[in-house]
>>> print(open('final_6.cif').read())   # mmCIF, C-alpha atoms and all ligand atoms
data_target
loop_
_atom_site.label_atom_id
_atom_site.label_comp_id
_atom_site.auth_asym_id
_atom_site.auth_seq_id
_atom_site.Cartn_x
_atom_site.Cartn_y
_atom_site.Cartn_z
CA MET A 199 -6.48 4.42 17.99
CA SER A 200 -5.01 7.00 20.28
CA GLN A 201 -4.60 10.67 19.50
CA LYS A 202 -0.83 10.19 19.76
CA LEU A 203 -0.84 7.52 17.02
CA CYS A 204 -2.39 9.93 14.58
CA GLY A 205 -0.16 12.86 15.58
CA MET A 206 1.38 15.02 12.89
CA ALA A 207 5.00 16.02 12.23
CA GLY A 208 6.23 18.65 14.73
CA GLY A 209 7.86 21.20 12.41
CA LYS A 210 9.96 22.01 9.35
CA ALA A 211 13.21 20.38 8.32
CA SER A 212 16.25 20.76 10.55
CA VAL A 213 18.19 24.00 10.43
CA SER A 214 21.17 22.52 12.29
CA TYR A 215 23.70 23.45 9.58
CA LEU A 216 22.80 27.15 9.82
CA THR A 217 22.75 27.13 13.63
CA VAL A 218 26.10 25.37 14.08
CA SER A 219 27.82 27.43 11.36
CA THR A 220 26.59 30.72 12.85
CA PHE A 221 28.04 29.84 16.26
CA VAL A 222 31.37 28.76 14.70
CA ILE A 223 31.69 32.04 12.75
CA LEU A 224 30.78 34.14 15.80
CA GLY A 225 33.40 32.22 17.83
CA ILE A 226 36.09 32.80 15.21
CA LEU A 227 35.23 36.52 15.01
CA LEU A 228 35.62 36.81 18.78
CA ILE A 229 38.70 34.57 19.30
CA ALA A 230 40.64 34.39 16.00
CA ARG A 231 39.57 37.38 13.87
CA PRO A 232 42.34 36.82 11.15
CA TYR A 233 40.65 33.56 10.13
CA ALA A 234 37.17 35.13 9.79
CA ALA A 235 37.32 35.47 5.97
CA VAL A 236 38.24 31.77 5.58
CA ALA A 237 35.42 30.75 7.95
CA ILE A 238 32.83 32.85 6.08
CA ALA A 239 33.97 31.42 2.70
CA ALA A 240 33.67 27.87 4.07
CA PHE A 241 30.20 28.71 5.42
CA VAL A 242 29.03 29.96 1.98
CA VAL A 243 30.35 26.82 0.22
CA GLY A 244 28.66 24.59 2.82
CA LEU A 245 25.36 26.44 2.46
CA GLY A 246 25.52 25.97 -1.31
CA ALA A 247 26.08 22.22 -0.83
CA VAL A 248 23.08 21.95 1.51
CA TYR A 249 20.77 23.71 -0.98
CA LEU A 250 22.14 21.64 -3.90
CA ARG A 251 21.44 18.42 -1.97
CA GLN A 252 17.89 19.60 -1.24
CA LEU A 253 17.31 20.47 -4.90
CA THR A 254 18.63 17.19 -6.31
CA GLY A 255 17.07 15.18 -3.49
CA LYS A 256 13.60 16.44 -4.48
CA LYS A 257 13.58 14.28 -7.62
CA THR A 258 13.39 10.96 -5.78
CA LYS A 259 12.11 12.06 -2.39
CA SER A 260 9.91 9.48 -0.69
CA ALA A 261 6.88 11.23 0.72
CA LEU A 262 5.92 8.77 3.47
CA THR A 263 7.35 8.56 6.95
CA ALA A 264 6.88 5.42 9.03
CA ASP A 265 6.25 7.03 12.42
CA VAL A 266 4.63 10.37 11.70
CA PHE A 267 1.33 11.01 9.95
CA GLN A 268 1.45 13.61 7.18
CA GLU A 269 -1.36 15.36 5.30
CA PHE A 270 -2.09 14.38 1.69
CA GLU A 271 -4.58 16.30 -0.44
CA LEU A 272 -7.36 14.49 -2.28
CA ALA A 273 -6.82 15.23 -5.99
CA LYS A 274 -9.46 13.07 -7.67
CA LYS A 275 -12.18 10.50 -7.05
CA THR A 276 -12.92 7.91 -9.73
CA ILE A 277 -16.13 5.97 -9.14
CA VAL A 278 -15.52 2.33 -10.11
CA SER A 279 -18.88 0.87 -9.03
CA HIS A 280 -21.76 1.62 -6.65
CA ASN A 281 -19.48 0.88 -3.64
CA VAL A 282 -15.89 1.10 -4.92
CA THR A 283 -13.91 4.30 -5.58
CA ILE A 284 -10.32 5.05 -6.57
CA TYR A 285 -9.03 7.96 -4.45
CA ARG A 286 -6.02 9.82 -5.88
CA PHE A 287 -3.99 11.80 -3.34
CA ASN A 288 -1.32 14.38 -4.24
CA LEU A 289 2.25 13.94 -3.03
CA PRO A 290 4.10 17.08 -1.82
CA THR A 291 5.71 17.81 -5.23
CA PRO A 292 5.08 16.51 -8.78
CA GLU A 293 8.46 14.71 -8.54
CA SER A 294 7.81 13.03 -5.17
CA VAL A 295 7.20 9.29 -4.99
CA LEU A 296 5.32 7.49 -2.24
CA GLY A 297 8.36 5.29 -1.49
CA LEU A 298 6.42 2.18 -0.54
CA PRO A 299 8.18 -1.20 -0.88
CA ILE A 300 6.18 -3.58 -3.14
CA GLY A 301 3.66 -5.50 -1.04
CA GLN A 302 3.40 -3.00 1.81
CA HIS A 303 0.58 -0.68 2.77
CA VAL A 304 -0.15 2.72 4.28
CA SER A 305 -2.18 3.69 7.32
CA LEU A 306 -4.81 6.43 6.96
CA CYS A 307 -6.02 8.31 10.01
CA ALA A 308 -8.89 10.71 10.60
CA SER A 309 -10.91 12.12 13.46
CA ILE A 310 -14.35 10.65 12.86
CA ARG A 311 -17.66 11.53 14.50
CA GLN A 312 -19.22 8.60 16.38
CA PRO A 313 -22.95 7.85 16.81
CA ASP A 314 -22.80 9.35 20.36
CA GLY A 315 -21.53 12.65 18.93
CA THR A 316 -17.94 12.33 20.17
CA PHE A 317 -14.92 12.29 17.82
CA LYS A 318 -12.52 9.35 17.70
CA GLU A 319 -9.15 8.98 15.97
CA ILE A 320 -9.64 6.07 13.54
CA SER A 321 -6.81 4.47 11.61
CA ARG A 322 -7.12 1.87 8.82
CA SER A 323 -4.73 0.11 6.40
CA TYR A 324 -4.84 0.46 2.59
CA THR A 325 -2.61 -0.95 -0.16
CA PRO A 326 -2.01 1.56 -2.98
CA ILE A 327 -2.63 0.24 -6.48
CA SER A 328 -0.08 2.73 -7.88
CA GLY A 329 3.68 2.37 -7.59
CA ASP A 330 6.72 4.62 -7.56
CA ASP A 331 6.56 4.70 -11.36
CA GLN A 332 3.72 7.22 -10.79
CA PRO A 333 5.38 10.34 -9.36
CA GLY A 334 3.32 13.16 -7.83
CA SER A 335 0.37 11.10 -6.55
CA PHE A 336 -0.83 7.72 -5.28
CA ASP A 337 -4.07 5.79 -5.79
CA LEU A 338 -6.15 3.81 -3.30
CA LEU A 339 -8.92 1.45 -4.46
CA ILE A 340 -11.42 1.38 -1.62
CA LYS A 341 -14.76 -0.33 -1.00
CA THR A 342 -17.27 1.80 0.91
CA TYR A 343 -19.20 0.11 3.76
CA PRO A 344 -22.55 1.60 4.87
CA GLN A 345 -21.44 1.59 8.54
CA GLY A 346 -17.71 1.92 7.87
CA ASN A 347 -15.89 4.58 9.88
CA MET A 348 -13.03 5.34 7.50
CA THR A 349 -14.74 4.46 4.25
CA GLN A 350 -17.74 6.73 5.00
CA HIS A 351 -15.29 9.52 5.93
CA LEU A 352 -13.42 9.03 2.64
CA ALA A 353 -16.69 8.96 0.69
CA SER A 354 -17.66 12.31 2.25
CA MET A 355 -14.34 13.98 1.36
CA THR A 356 -14.23 16.50 -1.46
CA VAL A 357 -11.29 17.28 -3.75
CA GLY A 358 -8.89 19.65 -1.98
CA GLN A 359 -9.47 18.19 1.49
CA SER A 360 -6.65 16.24 3.14
CA ILE A 361 -6.17 13.01 5.04
CA ARG A 362 -3.33 11.88 7.29
CA ALA A 363 -1.21 8.93 6.15
CA ARG A 364 1.94 7.18 7.25
CA GLY A 365 3.92 4.12 6.22
CA PRO A 366 5.35 1.82 5.00
CA LYS A 367 3.62 -0.88 7.03
CA GLY A 368 3.57 -4.64 6.61
CA ASN A 369 5.72 -7.75 6.75
CA PHE A 370 5.82 -8.61 3.06
CA THR A 371 8.23 -7.01 0.60
CA TYR A 372 8.35 -8.35 -2.93
CA THR A 373 11.78 -8.66 -4.52
CA SER A 374 12.41 -9.81 -8.09
CA ASN A 375 12.52 -13.63 -8.50
CA MET A 376 12.12 -14.19 -4.74
CA VAL A 377 10.31 -17.42 -5.67
CA ARG A 378 9.75 -19.39 -8.87
CA ARG A 379 5.97 -19.22 -8.71
CA LEU A 380 3.45 -17.19 -6.69
CA GLY A 381 -0.05 -18.54 -6.00
CA MET A 382 -2.45 -15.75 -5.04
CA ILE A 383 -5.97 -15.93 -3.63
CA ALA A 384 -7.83 -12.63 -3.34
CA GLY A 385 -11.38 -11.79 -2.33
CA GLY A 386 -12.98 -8.44 -3.28
CA THR A 387 -10.72 -5.50 -2.42
CA GLY A 388 -8.13 -8.06 -1.29
CA ILE A 389 -6.96 -7.76 -4.89
CA THR A 390 -5.00 -4.56 -4.08
CA PRO A 391 -1.71 -6.09 -2.80
CA MET A 392 -1.85 -8.67 -5.61
CA LEU A 393 -2.21 -5.90 -8.21
CA GLN A 394 0.77 -4.08 -6.72
CA ILE A 395 2.93 -7.23 -6.91
CA ILE A 396 1.75 -8.27 -10.40
CA ASP A 397 2.45 -4.72 -11.67
CA ALA A 398 5.97 -4.88 -10.22
CA ILE A 399 6.60 -8.28 -11.83
CA MET A 400 5.40 -6.99 -15.20
CA ARG A 401 7.63 -3.91 -14.88
CA GLY A 402 10.52 -6.23 -13.98
CA ARG A 403 10.10 -8.59 -16.95
CA GLU A 404 12.60 -6.61 -19.06
CA SER A 405 15.22 -6.74 -16.32
CA GLY A 406 14.82 -10.51 -15.84
CA ASP A 407 11.93 -11.11 -13.42
CA GLN A 408 10.65 -14.56 -14.44
CA THR A 409 8.19 -15.14 -11.58
CA GLU A 410 5.09 -17.06 -12.64
CA ILE A 411 1.75 -16.10 -11.12
CA ASP A 412 -1.51 -17.96 -10.66
CA LEU A 413 -4.22 -15.75 -9.21
CA ILE A 414 -7.61 -16.98 -7.97
CA TYR A 415 -9.84 -13.91 -7.69
CA ALA A 416 -13.10 -14.54 -5.82
CA ASN A 417 -16.13 -12.26 -5.78
CA VAL A 418 -19.87 -12.49 -5.25
CA THR A 419 -21.12 -11.26 -8.65
CA VAL A 420 -19.47 -10.40 -11.95
CA GLU A 421 -20.08 -6.68 -11.19
CA ASP A 422 -17.91 -6.99 -8.07
CA ILE A 423 -14.78 -8.00 -10.01
CA LEU A 424 -12.30 -5.10 -9.68
CA GLN A 425 -9.70 -4.01 -12.23
CA SER A 426 -10.54 -6.90 -14.59
CA VAL A 427 -9.32 -4.95 -17.64
CA ILE A 428 -5.88 -4.56 -16.05
CA LEU A 429 -5.83 -8.18 -14.82
CA ASP A 430 -6.84 -9.55 -18.23
CA LYS A 431 -4.11 -7.45 -19.87
CA HIS A 432 -1.55 -8.88 -17.44
CA ALA A 433 -2.84 -12.39 -18.19
CA GLU A 434 -1.63 -11.98 -21.80
CA ASP A 435 1.84 -12.59 -20.33
CA PRO A 436 2.57 -16.33 -20.70
CA GLY A 437 3.67 -16.52 -17.04
CA ILE A 438 0.48 -15.01 -15.59
CA ARG A 439 -2.85 -16.82 -15.23
CA VAL A 440 -6.02 -15.35 -13.68
CA HIS A 441 -8.83 -17.65 -12.51
CA TYR A 442 -12.09 -15.89 -11.61
CA VAL A 443 -14.49 -17.44 -9.08
CA LEU A 444 -18.03 -16.16 -8.44
CA ASP A 445 -20.43 -17.03 -5.66
CA ARG A 446 -23.43 -15.91 -7.73
CA PRO A 447 -22.35 -16.33 -11.35
CA PRO A 448 -24.37 -15.20 -14.36
CA GLU A 449 -25.74 -17.76 -16.80
CA GLY A 450 -23.08 -19.29 -19.02
CA TRP A 451 -20.22 -18.45 -16.60
CA ASP A 452 -17.21 -20.67 -17.32
CA GLY A 453 -15.07 -19.72 -14.31
CA GLY A 454 -15.13 -21.19 -10.81
CA ILE A 455 -18.38 -21.22 -8.85
CA GLY A 456 -18.98 -20.87 -5.09
CA TYR A 457 -16.29 -20.31 -2.46
CA VAL A 458 -12.61 -21.07 -3.18
CA THR A 459 -12.21 -24.82 -2.60
CA ALA A 460 -9.32 -27.23 -2.02
CA ASP A 461 -9.97 -28.59 -5.49
CA MET A 462 -9.52 -25.14 -7.10
CA ILE A 463 -6.27 -24.60 -5.19
CA THR A 464 -4.93 -28.01 -6.30
CA ARG A 465 -5.98 -27.41 -9.90
CA TRP A 466 -4.79 -23.82 -10.34
CA LEU A 467 -2.06 -22.96 -7.83
CA PRO A 468 1.51 -24.26 -7.48
CA GLY A 469 1.75 -27.29 -5.20
CA PRO A 470 3.76 -27.15 -1.94
CA ALA A 471 7.46 -26.61 -2.75
CA PRO A 472 10.38 -24.64 -1.28
CA ASP A 473 10.42 -22.18 -4.18
CA ILE A 474 6.76 -21.11 -4.16
CA LYS A 475 4.60 -18.89 -2.00
CA ILE A 476 0.84 -18.65 -1.53
CA LEU A 477 -0.43 -15.09 -0.85
CA LEU A 478 -3.87 -14.55 0.72
CA CYS A 479 -5.90 -11.35 1.04
CA GLY A 480 -9.61 -10.91 1.59
CA PRO A 481 -12.33 -10.76 4.24
CA PRO A 482 -11.08 -12.30 7.52
CA PRO A 483 -13.44 -15.36 7.42
CA MET A 484 -12.24 -16.19 3.90
CA VAL A 485 -8.57 -15.86 4.88
CA ALA A 486 -9.11 -18.02 8.01
CA ALA A 487 -10.80 -20.75 5.92
CA LEU A 488 -8.02 -20.64 3.30
CA LYS A 489 -5.31 -20.97 5.97
CA ARG A 490 -6.98 -24.20 7.13
CA THR A 491 -7.45 -25.49 3.57
CA THR A 492 -3.85 -24.84 2.51
CA GLU A 493 -2.54 -26.62 5.63
CA LYS A 494 -4.70 -29.66 4.82
CA LEU A 495 -3.29 -29.64 1.28
CA GLY A 496 0.27 -29.98 2.61
CA TYR A 497 1.46 -26.36 2.56
CA GLU A 498 3.36 -25.14 5.64
CA LYS A 499 1.09 -24.04 8.50
CA SER A 500 0.56 -20.29 8.38
CA ARG A 501 1.08 -18.11 11.45
CA PRO A 502 -1.54 -15.79 13.01
CA ILE A 503 0.61 -12.87 11.80
CA SER A 504 2.50 -13.77 8.65
CA LYS A 505 6.21 -13.21 8.17
CA LEU A 506 8.08 -12.74 4.90
CA GLU A 507 9.67 -16.19 5.04
CA ASP A 508 6.30 -17.98 5.38
CA GLN A 509 5.16 -20.28 2.57
CA VAL A 510 1.54 -19.17 3.08
CA PHE A 511 1.43 -15.42 3.69
CA ALA A 512 -1.78 -13.55 4.63
CA PHE A 513 -1.71 -9.75 4.21
C1 LIG A 601 -3.10 -4.78 5.15
C2 LIG A 601 -4.49 -4.32 4.76
C3 LIG A 601 -4.67 -3.71 3.52
C4 LIG A 601 -5.96 -3.29 3.15
N1 LIG A 601 -6.11 -2.70 1.92
C5 LIG A 601 -7.36 -2.33 1.53
C6 LIG A 601 -7.56 -1.74 0.24
O1 LIG A 601 -6.62 -1.53 -0.53
N2 LIG A 601 -8.82 -1.37 -0.10
C7 LIG A 601 -9.91 -1.58 0.75
O2 LIG A 601 -11.04 -1.25 0.37
N3 LIG A 601 -9.73 -2.11 1.97
C8 LIG A 601 -8.50 -2.48 2.39
N4 LIG A 601 -8.32 -3.00 3.65
C9 LIG A 601 -9.46 -2.98 4.61
C10 LIG A 601 -9.49 -1.63 5.36
O3 LIG A 601 -8.35 -1.52 6.19
C11 LIG A 601 -10.72 -1.41 6.27
O4 LIG A 601 -10.86 -2.52 7.13
C12 LIG A 601 -12.02 -1.23 5.48
O5 LIG A 601 -11.89 -0.13 4.58
C13 LIG A 601 -13.21 -0.95 6.41
O6 LIG A 601 -12.91 0.17 7.23
P1 LIG A 601 -14.06 1.06 7.85
O7 LIG A 601 -13.42 1.91 8.93
O8 LIG A 601 -14.81 1.79 6.79
O9 LIG A 601 -15.04 0.00 8.48
P2 LIG A 601 -15.21 -0.35 10.06
O10 LIG A 601 -15.67 0.87 10.78
O11 LIG A 601 -13.96 -1.02 10.51
O12 LIG A 601 -16.34 -1.44 10.01
C14 LIG A 601 -17.71 -1.07 10.11
C15 LIG A 601 -18.59 -2.12 9.45
O13 LIG A 601 -18.26 -2.18 8.05
C16 LIG A 601 -18.38 -3.52 7.58
N5 LIG A 601 -17.05 -4.02 7.11
C17 LIG A 601 -15.85 -3.46 7.33
N6 LIG A 601 -14.86 -4.17 6.75
C18 LIG A 601 -15.46 -5.22 6.17
C19 LIG A 601 -14.98 -6.32 5.39
N7 LIG A 601 -13.66 -6.48 5.10
N8 LIG A 601 -15.88 -7.23 4.93
C20 LIG A 601 -17.19 -7.07 5.19
N9 LIG A 601 -17.71 -6.05 5.91
C21 LIG A 601 -16.87 -5.14 6.38
C22 LIG A 601 -18.89 -4.33 8.71
O14 LIG A 601 -20.28 -4.33 8.66
C23 LIG A 601 -18.41 -3.53 9.93
O15 LIG A 601 -19.16 -3.82 11.05
C24 LIG A 601 -7.06 -3.45 4.02
C25 LIG A 601 -6.86 -4.07 5.27
C26 LIG A 601 -5.60 -4.50 5.64
C27 LIG A 601 -5.41 -5.14 6.99
#
>>> encode(input="final_6.cif", output="structure tokens")
Amino acid sequence: MSQKLCGMAGGKASVSYLTVSTFVILGILLIARPYAAVAIAAFVVGLGAVYLRQLTGKKTKSALTADVFQEFELAKKTIVSHNVTIYRFNLPTPESVLGLPIGQHVSLCASIRQPDGTFKEISRSYTPISGDDQPGSFDLLIKTYPQGNMTQHLASMTVGQSIRARGPKGNFTYTSNMVRRLGMIAGGTGITPMLQIIDAIMRGRESGDQTEIDLIYANVTVEDILQSVILDKHAEDPGIRVHYVLDRPPEGWDGGIGYVTADMITRWLPGPAPDIKILLCGPPPMVAALKRTTEKLGYEKSRPISKLEDQVFAF
């Protein structure tokens, strides 16, 4: 990624109101002195309105900007397993929200030292597992790779240090009851967009979101399953079913075994229909294989880069 892509915001908020008003008052003083008192009174009222808008605006201010990277301070690291950590980053104020549409992700950027000693601007995508119901901070669930540029950088960060982020990014935005039933297939950390969407559906139940969900969650071992406590809690909802699949299951495992197969998809997910969607997220080889399998099963052919209207959408 280029230096320009990771560039920061240029300066503070606009001061155009003050600048324009000052010139208007100076003009009136020079040309039409009798109206100066009226102009100054109008200026004071206007200034009050600007400050009031800033004060009230703070409550719901979205912290992210789509084009410009901003700094966010690392507030907390929660170790989930030997290679997975939840990173909590502070938003600018305790009232700020991230402002990310459900199903979208953020881009993190950092200048990272390469094996040849040079520094390179690296940017990677992450889907927060927290929503705008959590003001003041946002959480990223991230798997650390031994050779990973960004994930090694994140692992080396200490509380108080900052990272650059921008967003929203992505082609999928969940809206309440957009389909009757969602079939989801996630592998490893590919669970993050699914968690975001399931959380939103659960929050929306009271206001009439009736979407049913069938999630196939594939991992290598039982220790690799992420956020199972939260997923199992969600599965108490009669409209939400979670099907775990393990490549190397422990003895007595009663879930799916091996890779996700056509048979598992037929058994557990909604069949092809105009009012369903299949969502895929996981390692690229897994997603590529699942695109082929779903097409063979009669779902609409997925595109190389998914669009919101697609029946089979890969994040
Ligand atoms: C839309 C989107 C959302 C994402 N959300 C998340 C998220 O919420 N949490 C999360 O942990 N990741 C997420 N990812 C993946 C993330 O963007 C990075 O690809 C990942 O963190 C690795 O980055 P890195 O710079 O550390 O590794 P890189 O420097 O890109 O890779 C270095 C080496 O690490 C290994 N490696 C990297 N990625 C993988 C992989 N997927 N499978 C196996 N080996 C790998 C390989 O050995 C590779 O050669 C998301 C990706 C996308 C596209």
>>> atom_distance(input="final_6.cif", atom1="CA of Pro470 in chain A", atom2="CA of Asp412 in chain A")
13.7 Å
>>> atom_distance(input="final_6.cif", atom1="atom C20 of ligand LIG 601 (chain A)", atom2="CA of Pro448 in chain A")
22.4 Å
>>> residues_near_ligand(input="final_6.cif", ligand="ligand LIG 601 (chain A)", cutoff="9 Å", atoms="only C-alpha atoms and all ligand atoms", output="ChimeraX atom specification")
/A:282-283,302-306,320-327,338-352,367-368,386-391,479-483,512-513
>>> closest_residue(input="final_6.cif", among="A:Gly205, A:Gly453, A:Pro292, A:Pro447", to="Ser309 in chain A", atoms="only C-alpha atoms")
A:Gly205
>>> closest_residue(input="final_6.cif", among="A:Gly329, A:Gly365, A:Pro502, A:Gly297", to="Asp397 in chain A", atoms="only C-alpha atoms")
A:Gly329
